[in-house]
Amino acid sequence: MLIKLRFPALFLFLLLVGCRAGGPGTPARTVASFFSKYDGREGFKTTEWSAALLERLALVKAAKLLGGSDLTNGITGIRSAKVITFTPTTGAARDLAQQGLRQEATGILQGEKYTPLSTAGFGGSNYAISTRGSGDRVSEFAALGTLPDAADSFVLVAVDGNFTRSQVEALSKYLPQLVQATSK
């Protein structure tokens, strides 16, 4: 009888462990569902970067001054971009960060077949960049990181467009400054 109880108990234990590794609550399955799941919750802020003509022209002019053609072409290749930042403001929010918020986002990127382009520290930033596309062409990229002035913070940047790998690398150098400027 003891042996008959071990298997169900072991199965239940493994099931519970697997659920905890998936992140807080029911894990999101796509980047879009991740944004939907956390948008408006305490400690989270979602920002959409518009690709409006005047903004794009200003960015291209700045890119010509700051960077090269990869940065300029990368900016003009952006169709849409969303940023979600998380700064724990309460004990419950800190618990959320410890329950696996970053692991949930990492699991989504792996599940949606994003390819890691770099690890944290790429281009002097604290963002891990992953891409999705074909060959040297990139149709989407995502960046996971933290805010520099907030303990236990979290950032997910999701960008759709038409890029090369070198354009994504050029854009990723400026992500921390863009995220920090828009998250305030």
# chains A, B, ... in the order shown; residues from 1 in each chain; ligands from 1

$ select_by_dssp --residues "range 71-100 of chain A" --states "helix (DSSP H, G or I)" --output "list of chain:residue names"
A:Leu71, A:Thr72, A:Asn73, A:Gly74, A:Ile75, A:Thr76, A:Gly91, A:Ala92, A:Ala93, A:Arg94, A:Asp95, A:Leu96, A:Ala97, A:Gln98

$ residues_around --residues "Thr106 in chain A" --least-positions-apart "4" --cutoff "12 Å" --atoms "only C-alpha atoms" --output "mmCIF file with C-alpha atoms, in the first residue's frame"
data_model
loop_
_atom_site.group_PDB
_atom_site.id
_atom_site.type_symbol
_atom_site.label_atom_id
_atom_site.label_comp_id
_atom_site.auth_asym_id
_atom_site.auth_seq_id
_atom_site.Cartn_x
_atom_site.Cartn_y
_atom_site.Cartn_z
ATOM 1 C CA ALA A 21 9.265 27.021 -12.452
ATOM 2 C CA GLY A 22 6.819 28.484 -14.940
ATOM 3 C CA GLY A 23 6.552 31.858 -13.210
ATOM 4 C CA PRO A 27 2.402 31.411 -17.249
ATOM 5 C CA ALA A 28 1.801 33.421 -20.400
ATOM 6 C CA ARG A 29 2.488 31.569 -23.653
ATOM 7 C CA THR A 30 3.301 34.446 -26.013
ATOM 8 C CA VAL A 31 4.936 37.844 -25.742
ATOM 9 C CA PHE A 34 2.676 38.425 -21.277
ATOM 10 C CA GLY A 100 9.930 34.004 -11.439
ATOM 11 C CA LEU A 101 8.849 36.958 -13.550
ATOM 12 C CA ARG A 102 12.108 36.923 -15.549
ATOM 13 C CA GLN A 110 12.379 30.036 -25.832
ATOM 14 C CA GLY A 111 8.899 28.669 -26.558
ATOM 15 C CA GLU A 112 8.367 31.135 -29.407
ATOM 16 C CA LYS A 113 11.746 30.112 -30.859
ATOM 17 C CA TYR A 114 13.632 33.352 -30.327
ATOM 18 C CA THR A 115 17.390 32.910 -30.778
ATOM 19 C CA PRO A 116 19.674 34.532 -28.211
ATOM 20 C CA ALA A 128 19.852 40.026 -23.050
ATOM 21 C CA ILE A 129 18.755 40.297 -26.686
ATOM 22 C CA SER A 130 16.905 37.535 -28.574
ATOM 23 C CA ALA A 142 13.099 41.113 -27.599
ATOM 24 C CA ALA A 143 15.284 42.395 -24.809
ATOM 25 C CA LEU A 144 15.150 41.343 -21.172
ATOM 26 C CA GLY A 145 16.808 43.454 -18.534
ATOM 27 C CA PHE A 154 12.256 43.909 -14.727
ATOM 28 C CA VAL A 155 12.068 45.129 -18.335
ATOM 29 C CA LEU A 156 10.786 43.397 -21.467
#

$ residues_around --residues "range 44-50 of chain A" --least-positions-apart "2" --cutoff "6 Å" --atoms "only C-alpha atoms" --output "PyMOL selection string"
chain A and resi 41-42+52+81-86

$ write_last_selection --atoms "N, CA and C atoms" --output "tab-separated table (two decimals), in the first residue's frame"
chain	number	residue	atom	x	y	z
A	41	ARG	N	-1.27	46.01	-13.84
A	41	ARG	CA	-1.09	45.49	-12.48
A	41	ARG	C	-0.14	46.39	-11.70
A	42	GLU	N	-0.24	46.31	-10.38
A	42	GLU	CA	0.58	47.15	-9.52
A	42	GLU	C	2.07	46.93	-9.77
A	52	ALA	N	5.50	57.04	-35.56
A	52	ALA	CA	4.97	58.19	-36.28
A	52	ALA	C	6.08	58.88	-37.06
A	81	ALA	N	6.79	48.84	-31.32
A	81	ALA	CA	7.60	48.47	-30.17
A	81	ALA	C	6.79	48.68	-28.90
A	82	LYS	N	6.94	47.75	-27.96
A	82	LYS	CA	6.28	47.83	-26.67
A	82	LYS	C	7.31	47.56	-25.59
A	83	VAL	N	7.13	48.24	-24.49
A	83	VAL	CA	8.01	48.06	-23.33
A	83	VAL	C	7.14	47.86	-22.12
A	84	ILE	N	7.47	46.85	-21.32
A	84	ILE	CA	6.81	46.71	-20.03
A	84	ILE	C	7.91	46.72	-18.97
A	85	THR	N	7.74	47.61	-18.00
A	85	THR	CA	8.69	47.69	-16.90
A	85	THR	C	7.97	47.33	-15.61
A	86	PHE	N	8.73	46.79	-14.69
A	86	PHE	CA	8.18	46.40	-13.40
A	86	PHE	C	9.13	46.87	-12.32

$ residues_around --residues "Thr131 in chain A" --least-positions-apart "3" --cutoff "12 Å" --atoms "only C-alpha atoms" --output "number ranges by chain"
A: 109-110, 112-118, 128, 134-144, 157-169, 172

$ residues_around --residues "Thr89 in chain A" --least-positions-apart "5" --cutoff "12 Å" --atoms "only C-alpha atoms" --output "JSON list (two decimals) with all heavy atoms, in the first residue's frame"
[["chain", "number", "residue", "atom", "x", "y", "z"],
["A", 41, "ARG", "N", -1.27, 46.01, -13.84],
["A", 41, "ARG", "CA", -1.09, 45.49, -12.48],
["A", 41, "ARG", "C", -0.14, 46.39, -11.70],
["A", 41, "ARG", "O", 0.67, 47.10, -12.27],
["A", 41, "ARG", "CB", -0.57, 44.06, -12.53],
["A", 41, "ARG", "CG", -1.64, 43.09, -13.01],
["A", 41, "ARG", "CD", -1.21, 41.68, -13.06],
["A", 41, "ARG", "NE", -0.88, 41.12, -11.77],
["A", 41, "ARG", "CZ", -0.49, 39.87, -11.59],
["A", 41, "ARG", "NH1", -0.38, 39.05, -12.62],
["A", 41, "ARG", "NH2", -0.19, 39.42, -10.39],
["A", 42, "GLU", "N", -0.24, 46.31, -10.38],
["A", 42, "GLU", "CA", 0.58, 47.15, -9.52],
["A", 42, "GLU", "C", 2.07, 46.93, -9.77],
["A", 42, "GLU", "O", 2.55, 45.80, -9.80],
["A", 42, "GLU", "CB", 0.26, 46.84, -8.05],
["A", 42, "GLU", "CG", 0.97, 47.75, -7.08],
["A", 42, "GLU", "CD", 0.56, 47.50, -5.65],
["A", 42, "GLU", "OE1", -0.50, 46.89, -5.42],
["A", 42, "GLU", "OE2", 1.33, 47.91, -4.77],
["A", 43, "GLY", "N", 2.79, 48.02, -9.98],
["A", 43, "GLY", "CA", 4.22, 47.98, -10.21],
["A", 43, "GLY", "C", 4.61, 47.90, -11.69],
["A", 43, "GLY", "O", 5.77, 48.08, -12.03],
["A", 44, "PHE", "N", 3.65, 47.63, -12.57],
["A", 44, "PHE", "CA", 3.94, 47.49, -14.01],
["A", 44, "PHE", "C", 3.55, 48.76, -14.76],
["A", 44, "PHE", "O", 2.55, 49.40, -14.43],
["A", 44, "PHE", "CB", 3.15, 46.32, -14.61],
["A", 44, "PHE", "CG", 3.69, 44.98, -14.21],
["A", 44, "PHE", "CD1", 3.21, 44.35, -13.08],
["A", 44, "PHE", "CD2", 4.67, 44.35, -14.96],
["A", 44, "PHE", "CE1", 3.70, 43.11, -12.70],
["A", 44, "PHE", "CE2", 5.16, 43.12, -14.60],
["A", 44, "PHE", "CZ", 4.68, 42.50, -13.46],
["A", 94, "ARG", "N", 7.20, 42.60, -4.61],
["A", 94, "ARG", "CA", 8.53, 41.98, -4.47],
["A", 94, "ARG", "C", 8.42, 40.46, -4.54],
["A", 94, "ARG", "O", 9.27, 39.80, -5.13],
["A", 94, "ARG", "CB", 9.18, 42.43, -3.17],
["A", 94, "ARG", "CG", 9.88, 43.77, -3.29],
["A", 94, "ARG", "CD", 10.70, 44.10, -2.05],
["A", 94, "ARG", "NE", 9.91, 44.65, -0.96],
["A", 94, "ARG", "CZ", 9.35, 45.85, -0.97],
["A", 94, "ARG", "NH1", 9.46, 46.63, -2.00],
["A", 94, "ARG", "NH2", 8.67, 46.29, 0.06],
["A", 95, "ASP", "N", 7.35, 39.92, -3.98],
["A", 95, "ASP", "CA", 7.13, 38.48, -4.06],
["A", 95, "ASP", "C", 6.96, 38.05, -5.51],
["A", 95, "ASP", "O", 7.46, 37.01, -5.92],
["A", 95, "ASP", "CB", 5.89, 38.07, -3.26],
["A", 95, "ASP", "CG", 6.11, 38.19, -1.76],
["A", 95, "ASP", "OD1", 7.27, 38.29, -1.33],
["A", 95, "ASP", "OD2", 5.10, 38.18, -1.03],
["A", 96, "LEU", "N", 6.27, 38.85, -6.30],
["A", 96, "LEU", "CA", 6.07, 38.54, -7.71],
["A", 96, "LEU", "C", 7.41, 38.45, -8.43],
["A", 96, "LEU", "O", 7.63, 37.54, -9.23],
["A", 96, "LEU", "CB", 5.19, 39.61, -8.36],
["A", 96, "LEU", "CG", 4.83, 39.41, -9.82],
["A", 96, "LEU", "CD1", 4.03, 38.14, -10.01],
["A", 96, "LEU", "CD2", 4.05, 40.60, -10.34],
["A", 97, "ALA", "N", 8.32, 39.36, -8.14],
["A", 97, "ALA", "CA", 9.64, 39.34, -8.76],
["A", 97, "ALA", "C", 10.40, 38.07, -8.37],
["A", 97, "ALA", "O", 11.08, 37.46, -9.20],
["A", 97, "ALA", "CB", 10.44, 40.57, -8.36],
["A", 150, "ALA", "N", 16.56, 50.58, -9.82],
["A", 150, "ALA", "CA", 15.46, 49.94, -9.08],
["A", 150, "ALA", "C", 15.80, 48.47, -8.79],
["A", 150, "ALA", "O", 15.98, 47.68, -9.71],
["A", 150, "ALA", "CB", 14.17, 50.03, -9.88],
["A", 151, "ALA", "N", 15.88, 48.15, -7.52],
["A", 151, "ALA", "CA", 16.17, 46.76, -7.12],
["A", 151, "ALA", "C", 14.99, 45.87, -7.50],
["A", 151, "ALA", "O", 13.84, 46.28, -7.44],
["A", 151, "ALA", "CB", 16.41, 46.69, -5.63],
["A", 152, "ASP", "N", 15.28, 44.66, -7.93],
["A", 152, "ASP", "CA", 14.28, 43.65, -8.31],
["A", 152, "ASP", "C", 13.38, 44.12, -9.47],
["A", 152, "ASP", "O", 12.27, 43.64, -9.61],
["A", 152, "ASP", "CB", 13.40, 43.24, -7.12],
["A", 152, "ASP", "CG", 14.18, 42.52, -6.04],
["A", 152, "ASP", "OD1", 15.12, 41.78, -6.40],
["A", 152, "ASP", "OD2", 13.87, 42.71, -4.86],
["A", 153, "SER", "N", 13.86, 45.06, -10.27],
["A", 153, "SER", "CA", 13.06, 45.53, -11.40],
["A", 153, "SER", "C", 13.16, 44.56, -12.57],
["A", 153, "SER", "O", 13.98, 43.63, -12.56],
["A", 153, "SER", "CB", 13.53, 46.92, -11.85],
["A", 153, "SER", "OG", 14.84, 46.85, -12.36]]

$ atom_distance --atom1 "CA of Asp39 in chain A" --atom2 "CA of Leu175 in chain A"
20.6 Å

$ atom_distance --atom1 "CA of Ala32 in chain A" --atom2 "CA of Thr87 in chain A"
19.9 Å

$ atom_distance --atom1 "CA of Gln180 in chain A" --atom2 "CA of Thr90 in chain A"
21.0 Å

$ closest_residue --among "A:Asn126, A:Gln98, A:Thr26, A:Thr76" --to "Tyr38 in chain A" --atoms "only C-alpha atoms"
A:Thr26

$ decode --residues "range 90-101 of chain A" --atoms "all heavy atoms" --output "compact mmCIF listing (two decimals), in the first residue's frame"
# COMPACT_ATOMS: atom_id res chain seq x y z
N THR A 90 5.50 47.20 -3.43
CA THR A 90 4.94 46.64 -2.19
C THR A 90 5.59 45.28 -1.93
O THR A 90 6.29 44.73 -2.79
CB THR A 90 3.42 46.44 -2.31
OG1 THR A 90 3.17 45.47 -3.34
CG2 THR A 90 2.70 47.74 -2.64
N GLY A 91 5.29 44.73 -0.79
CA GLY A 91 5.79 43.39 -0.47
C GLY A 91 5.25 42.35 -1.43
O GLY A 91 5.97 41.45 -1.86
N ALA A 92 3.98 42.48 -1.81
CA ALA A 92 3.38 41.53 -2.75
C ALA A 92 4.07 41.64 -4.12
O ALA A 92 4.29 40.64 -4.80
CB ALA A 92 1.88 41.79 -2.89
N ALA A 93 4.42 42.86 -4.51
CA ALA A 93 5.10 43.05 -5.79
C ALA A 93 6.50 42.45 -5.74
O ALA A 93 6.97 41.86 -6.71
CB ALA A 93 5.16 44.53 -6.14
N ARG A 94 7.20 42.60 -4.61
CA ARG A 94 8.53 41.98 -4.47
C ARG A 94 8.42 40.46 -4.54
O ARG A 94 9.27 39.80 -5.13
CB ARG A 94 9.18 42.43 -3.17
CG ARG A 94 9.88 43.77 -3.29
CD ARG A 94 10.70 44.10 -2.05
NE ARG A 94 9.91 44.65 -0.96
CZ ARG A 94 9.35 45.85 -0.97
NH1 ARG A 94 9.46 46.63 -2.00
NH2 ARG A 94 8.67 46.29 0.06
N ASP A 95 7.35 39.92 -3.98
CA ASP A 95 7.13 38.48 -4.06
C ASP A 95 6.96 38.05 -5.51
O ASP A 95 7.46 37.01 -5.92
CB ASP A 95 5.89 38.07 -3.26
CG ASP A 95 6.11 38.19 -1.76
OD1 ASP A 95 7.27 38.29 -1.33
OD2 ASP A 95 5.10 38.18 -1.03
N LEU A 96 6.27 38.85 -6.30
CA LEU A 96 6.07 38.54 -7.71
C LEU A 96 7.41 38.45 -8.43
O LEU A 96 7.63 37.54 -9.23
CB LEU A 96 5.19 39.61 -8.36
CG LEU A 96 4.83 39.41 -9.82
CD1 LEU A 96 4.03 38.14 -10.01
CD2 LEU A 96 4.05 40.60 -10.34
N ALA A 97 8.32 39.36 -8.14
CA ALA A 97 9.64 39.34 -8.76
C ALA A 97 10.40 38.07 -8.37
O ALA A 97 11.08 37.46 -9.20
CB ALA A 97 10.44 40.57 -8.36
N GLN A 98 10.25 37.66 -7.12
CA GLN A 98 10.96 36.47 -6.66
C GLN A 98 10.32 35.17 -7.15
O GLN A 98 10.96 34.13 -7.18
CB GLN A 98 11.03 36.48 -5.12
CG GLN A 98 11.90 37.60 -4.61
CD GLN A 98 11.83 37.72 -3.09
OE1 GLN A 98 11.07 37.04 -2.42
NE2 GLN A 98 12.64 38.62 -2.55
N GLN A 99 9.06 35.22 -7.56
CA GLN A 99 8.35 34.02 -8.02
C GLN A 99 8.72 33.61 -9.43
O GLN A 99 8.28 32.59 -9.91
CB GLN A 99 6.84 34.23 -7.94
CG GLN A 99 6.31 34.28 -6.53
CD GLN A 99 4.84 34.66 -6.51
OE1 GLN A 99 4.19 34.74 -7.55
NE2 GLN A 99 4.31 34.88 -5.32
N GLY A 100 9.47 34.44 -10.14
CA GLY A 100 9.93 34.00 -11.44
C GLY A 100 9.44 34.81 -12.62
O GLY A 100 9.22 34.26 -13.69
N LEU A 101 9.30 36.10 -12.46
CA LEU A 101 8.85 36.96 -13.55
C LEU A 101 9.81 36.88 -14.74
O LEU A 101 9.40 36.67 -15.88
CB LEU A 101 8.75 38.40 -13.04
CG LEU A 101 8.09 39.42 -13.93
CD1 LEU A 101 6.65 39.02 -14.24
CD2 LEU A 101 8.10 40.78 -13.23
